[in-house]
Every structure is written in C-alpha cells, then in structure tokens.
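work.txt (compact mmCIF, C-alpha atoms) appears below.
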```
# COMPACT_ATOMS: atom_id res chain seq x y z
CA MET O 1 0.33 30.78 -47.36
CA LYS O 2 -1.72 33.98 -47.10
CA ARG O 3 -4.95 32.00 -46.86
CA LEU O 4 -3.49 29.79 -44.14
CA LEU O 5 -2.33 32.89 -42.24
CA ILE O 6 -5.82 34.39 -42.43
CA VAL O 7 -7.53 31.17 -41.33
CA ARG O 8 -5.14 30.65 -38.42
CA SER O 9 -5.49 34.29 -37.38
CA LEU O 10 -9.28 34.13 -37.40
CA VAL O 11 -9.28 30.96 -35.33
CA GLY O 12 -6.75 32.60 -33.02
CA LEU O 13 -9.00 35.62 -32.67
CA VAL O 14 -11.80 33.52 -31.20
CA VAL O 15 -9.55 31.26 -29.13
CA GLY O 16 -7.57 34.22 -27.80
CA ALA O 17 -10.66 36.15 -26.74
CA ILE O 18 -12.02 33.12 -24.87
CA MET O 19 -8.64 32.30 -23.30
CA ALA O 20 -8.21 35.88 -22.06
CA HIS O 21 -11.41 35.52 -20.05
CA ILE O 22 -10.41 32.08 -18.74
CA ILE O 23 -6.96 33.34 -17.73
CA THR O 24 -8.50 36.32 -15.94
CA LEU O 25 -10.99 34.12 -14.12
CA LEU O 26 -8.18 31.81 -12.97
CA VAL O 27 -5.85 34.65 -11.96
CA ASN O 28 -8.64 36.24 -9.91
CA TYR O 29 -9.68 32.97 -8.32
CA LEU O 30 -6.13 31.90 -7.45
CA GLY O 31 -5.27 35.40 -6.22
CA SER O 32 -8.34 36.33 -4.23
CA GLY O 33 -10.71 33.37 -4.26
CA SER O 34 -13.24 35.31 -6.35
CA TRP O 35 -14.46 34.37 -9.81
CA LEU O 36 -14.18 37.81 -11.47
CA ILE O 37 -14.30 38.17 -15.25
CA CYS O 38 -12.02 41.26 -15.23
CA MET O 39 -9.12 42.25 -13.01
CA PRO O 40 -10.27 44.59 -10.23
CA GLY O 41 -7.53 47.14 -10.93
CA LEU O 42 -8.49 47.35 -14.59
CA THR O 43 -12.19 47.59 -13.75
CA GLU O 44 -11.51 50.39 -11.27
CA ALA O 45 -9.35 52.26 -13.77
CA ILE O 46 -11.65 52.20 -16.82
CA GLY O 47 -14.97 50.70 -15.74
CA PHE O 48 -16.40 47.21 -16.16
CA THR O 49 -17.71 47.53 -19.73
CA LYS O 50 -14.51 49.06 -21.11
CA ALA O 51 -12.42 46.54 -19.18
CA LEU O 52 -14.43 43.65 -20.63
CA VAL O 53 -14.15 45.03 -24.17
CA LEU O 54 -10.42 45.75 -23.80
CA GLN O 55 -9.81 42.27 -22.41
CA THR O 56 -11.72 40.67 -25.28
CA VAL O 57 -9.89 42.72 -27.93
CA LEU O 58 -6.41 42.21 -26.45
CA GLY O 59 -7.08 38.51 -25.95
CA ALA O 60 -8.15 38.29 -29.59
CA VAL O 61 -4.95 40.04 -30.68
CA LEU O 62 -2.87 37.66 -28.56
CA GLY O 63 -4.62 34.67 -30.12
CA MET O 64 -4.32 36.05 -33.64
CA LEU O 65 -0.60 36.60 -33.29
CA GLY O 66 -0.03 33.29 -31.54
CA LEU O 67 -1.82 31.11 -34.08
CA GLY O 68 -1.07 33.35 -37.06
CA GLY O 69 2.59 33.27 -36.07
CA MET O 70 2.57 29.52 -36.66
CA CYS O 71 3.13 30.51 -40.30
CA PHE O 72 6.77 31.13 -39.34
CA PHE O 73 7.12 27.36 -39.46
CA ASP O 74 5.85 27.34 -43.06
CA ILE O 75 8.63 29.60 -44.37
CA GLU O 76 10.80 27.10 -46.21
CA GLU O 77 13.92 29.28 -46.12
CA TRP O 78 13.84 29.38 -42.30
CA SER O 79 15.39 26.75 -40.10
CA LEU O 80 13.36 25.12 -37.36
CA LEU O 81 15.42 27.03 -34.78
CA ARG O 82 14.78 30.41 -36.42
CA ALA O 83 11.03 29.79 -36.74
CA THR O 84 10.83 28.54 -33.14
CA VAL O 85 12.70 31.53 -31.71
CA ALA O 86 10.67 34.00 -33.79
CA HIS O 87 7.36 32.42 -32.75
CA CYS O 88 8.36 32.15 -29.09
CA LEU O 89 9.48 35.80 -29.01
CA LEU O 90 6.25 36.89 -30.70
CA ILE O 91 4.19 35.08 -28.08
CA LEU O 92 6.40 36.19 -25.19
CA ILE O 93 6.39 39.89 -26.08
CA THR O 94 2.68 39.93 -26.92
CA TYR O 95 1.72 38.09 -23.73
CA ILE O 96 3.82 40.38 -21.53
CA ILE O 97 2.28 43.51 -23.11
CA VAL O 98 -1.27 42.14 -22.93
CA GLY O 99 -0.73 40.85 -19.39
CA LEU O 100 0.52 44.23 -18.22
CA LEU O 101 -2.31 46.13 -19.91
CA LEU O 102 -4.93 43.78 -18.47
CA HIS O 103 -3.37 43.84 -14.97
CA TRP O 104 -2.71 40.08 -14.95
CA PHE O 105 0.56 40.91 -13.20
CA SER O 106 2.16 44.11 -11.94
CA PHE O 107 4.52 46.53 -13.66
CA HIS O 108 7.48 45.37 -11.57
CA ILE O 109 10.49 43.48 -12.88
CA ILE O 110 10.11 40.35 -10.71
CA PRO O 111 6.53 39.50 -11.81
CA ILE O 112 7.46 40.22 -15.43
CA LEU O 113 10.50 37.92 -15.21
CA ILE O 114 8.43 35.21 -13.51
CA MET O 115 5.81 35.41 -16.26
CA ALA O 116 8.50 35.36 -18.94
CA CYS O 117 9.98 32.20 -17.41
CA ILE O 118 6.55 30.56 -17.17
CA ILE O 119 5.79 31.41 -20.80
CA ILE O 120 9.16 30.12 -22.02
CA LEU O 121 8.82 26.90 -19.99
CA ALA O 122 5.26 26.31 -21.24
CA TYR O 123 6.32 27.06 -24.81
CA THR O 124 9.27 24.68 -24.51
CA LEU O 125 7.10 21.90 -23.10
CA VAL O 126 4.50 22.25 -25.87
CA TRP O 127 7.26 22.46 -28.50
CA LEU O 128 8.95 19.29 -27.24
CA ILE O 129 5.66 17.39 -27.22
CA MET O 130 4.87 18.53 -30.77
CA TYR O 131 8.41 17.76 -31.93
CA ALA O 132 8.18 14.21 -30.58
CA LYS O 133 4.80 13.78 -32.29
CA TRP O 134 6.08 15.09 -35.65
CA LYS O 135 9.20 12.94 -35.40
CA ARG O 136 7.08 9.82 -34.79
CA GLU O 137 4.78 10.67 -37.72
CA ILE O 138 7.77 11.19 -40.03
CA ARG O 139 9.27 7.87 -38.92
CA GLU O 140 5.95 6.12 -39.68
CA MET O 141 5.72 7.78 -43.10
CA ASN O 142 9.29 6.73 -43.90
CA LEU O 143 8.43 3.13 -42.96
CA LEU O 144 5.41 3.26 -45.28
CA VAL O 145 7.54 4.68 -48.09
CA GLY O 146 10.09 1.89 -47.55
CA LYS O 147 7.31 -0.72 -47.62
CA TYR O 148 5.89 0.80 -50.80
CA LYS O 149 9.29 0.77 -52.49
CA LYS O 150 9.86 -2.89 -51.56
CA GLU O 151 6.45 -3.84 -52.96
CA ALA O 152 7.07 -1.81 -56.12
CA ASP O 153 10.49 -3.41 -56.66
CA ALA O 154 9.06 -6.91 -56.05
CA GLY O 155 6.12 -6.31 -58.39
```

Would you mind writing the file's structure down as structure tokens?
Amino acid sequence: MKRLLIVRSLVGLVVGAIMAHIITLLVNYLGSGSWLICMPGLTEAIGFTKALVLQTVLGAVLGMLGLGGMCFFDIEEWSLLRATVAHCLLILITYIIVGLLLHWFSFHIIPILIMACIIILAYTLVWLIMYAKWKREIREMNLLVGKYKKEADAG
C-alpha cells in the first residue's frame, strides 16, 4: 500500500504540475483571450518567475494529493461511500486553496461556490463513469468464473 501511494503520488506530481499550467492557460484565454502561462494578478503580486514556480509547486501538490488520495479506495475497512467522500473532499479543499492562491478565481463567496459546484459535478461524473466500468468488469469476471466452474464440474 505504501509503495502504491508513493507511485501514485509521484505520477500525480508530474500530472498536477502540467495540469496547473493547462488550467491557467485556459482560464486566461477564456477570461481575456490571451494565452498567459500565469494569472496576471499573481504575476503582478510576486513576479513572473516566482508565479511560475509557485504554480508548478502547487499544481504538483494538487496532483499528488488527488492521485495519492486514490489509496482511500484501497483501505479495505472503508466503505465505497466513505472512500468516495474522503477523496472528493480532499480534492475539493485542495483545489479551492490552490485556485485561490494561484488567482484562478477571486476570494469572494460566489466564485468559490461556483468552483465547488463545478468540482463536485466533475467528480461525480468521473466517479459514475468509473463505477459503470468497474461494474461491467466485475460482471464479466463473474461470468468467466461461472464458466470455469461449469467446465470444472463437467470435467
């Protein structure tokens, strides 16, 4: 479990850092029509180099926690509901903090609530897709087990 947590976290580190830059590019383009690698407010506040480093580090942290947090689903004592809520809350809280620090949205309640809703909806959609996929795979494995048992009983 520890090894899996480390591997997932390291992959998340890279994915998160890259995604932070992609998110910032998209937010800037959709907001102002400019392809900027850092948010203008953050760049003005701390300078371009520090903004780029901060964005990379916070994106890496977001990715590490997001993918590393998948280990919640590997805790056998936890129900699927408990693991899902814990993972969703981890992602939600981390994303809100990172988003605020990187100026992806403002420090007002409405943008924070909008982002929280978007995150929860996206999480729910991904979860439902994955749940349907896992359910189908389990059904297929059960069919194979049934086939194997029939062949074993016949032989």

Mind giving me the straight-line distance from atom CA of O:Tyr131 to atom CA of O:Phe73 in Å, one decimal?
->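 Distance reported for this atom pair: 12.3 Å.
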
Mind listing whatever residues come within 12 Å of the point (-13.5, 46.0, -23.5)? Use only C-alpha atoms, file coordinates, and give them as a tab-separated table (two decimals) with C-alpha atoms, keeping the file's coordinate frame.
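Below is the file selection-v8.tsv, written as the result:
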```tsv
chain	number	residue	atom	x	y	z
O	17	ALA	CA	-10.66	36.15	-26.74
O	20	ALA	CA	-8.21	35.88	-22.06
O	21	HIS	CA	-11.41	35.52	-20.05
O	37	ILE	CA	-14.30	38.17	-15.25
O	38	CYS	CA	-12.02	41.26	-15.23
O	39	MET	CA	-9.12	42.25	-13.01
O	42	LEU	CA	-8.49	47.35	-14.59
O	43	THR	CA	-12.19	47.59	-13.75
O	46	ILE	CA	-11.65	52.20	-16.82
O	47	GLY	CA	-14.97	50.70	-15.74
O	48	PHE	CA	-16.40	47.21	-16.16
O	49	THR	CA	-17.71	47.53	-19.73
O	50	LYS	CA	-14.51	49.06	-21.11
O	51	ALA	CA	-12.42	46.54	-19.18
O	52	LEU	CA	-14.43	43.65	-20.63
O	53	VAL	CA	-14.15	45.03	-24.17
O	54	LEU	CA	-10.42	45.75	-23.80
O	55	GLN	CA	-9.81	42.27	-22.41
O	56	THR	CA	-11.72	40.67	-25.28
O	57	VAL	CA	-9.89	42.72	-27.93
O	58	LEU	CA	-6.41	42.21	-26.45
O	59	GLY	CA	-7.08	38.51	-25.95
O	60	ALA	CA	-8.15	38.29	-29.59
O	101	LEU	CA	-2.31	46.13	-19.91
O	102	LEU	CA	-4.93	43.78	-18.47
```

Atom CA of O:Leu4 to atom CA of O:Leu143: how many Å, to one decimal?
->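 Computed distance, atom CA of O:Leu4 to atom CA of O:Leu143, equals 29.2 Å.
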
Nearest to O:Met64, chosen from O:Ile97, O:Ile6, O:Ile129, O:Leu13, with all atoms listed in the file counted in the distances |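 Looking at the shortest contact to O:Met64, the residue is O:Leu13.
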
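For the pair atom CA of O:Gly31 and atom CA of O:Ala122, the interatomic distance is 20.5 Å.
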
Within 10 Å of stretch 78-93 of chain O using all atoms listed in the file, minus same-chain residues under 3 positions, as a PyMOL selection string | chain O and resi 62-63+65-75+96-99+115-120+123-124+127

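Counting only C-alpha atoms, O:Leu36 has the following residues at most 9 Å away, ignoring those fewer than 2 positions along the same chain: Thr24, Leu25, Leu26, Val27, Asn28, Tyr29, Ser34, Cys38, Met39 and Pro40 of chain O.
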
Of the candidates O:Gly33, O:Leu125, O:Gly41, O:Lys135, which shows the shortest atom-to-atom distance to O:Ser106, using only C-alpha atoms?
->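 For O:Ser106, the nearest of the candidates is O:Gly41.
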
Residue with smallest distance to O:Val11 - pool O:Ser32, O:Ala45, O:Val61, O:Glu140, counting only C-alpha atoms | O:Val61
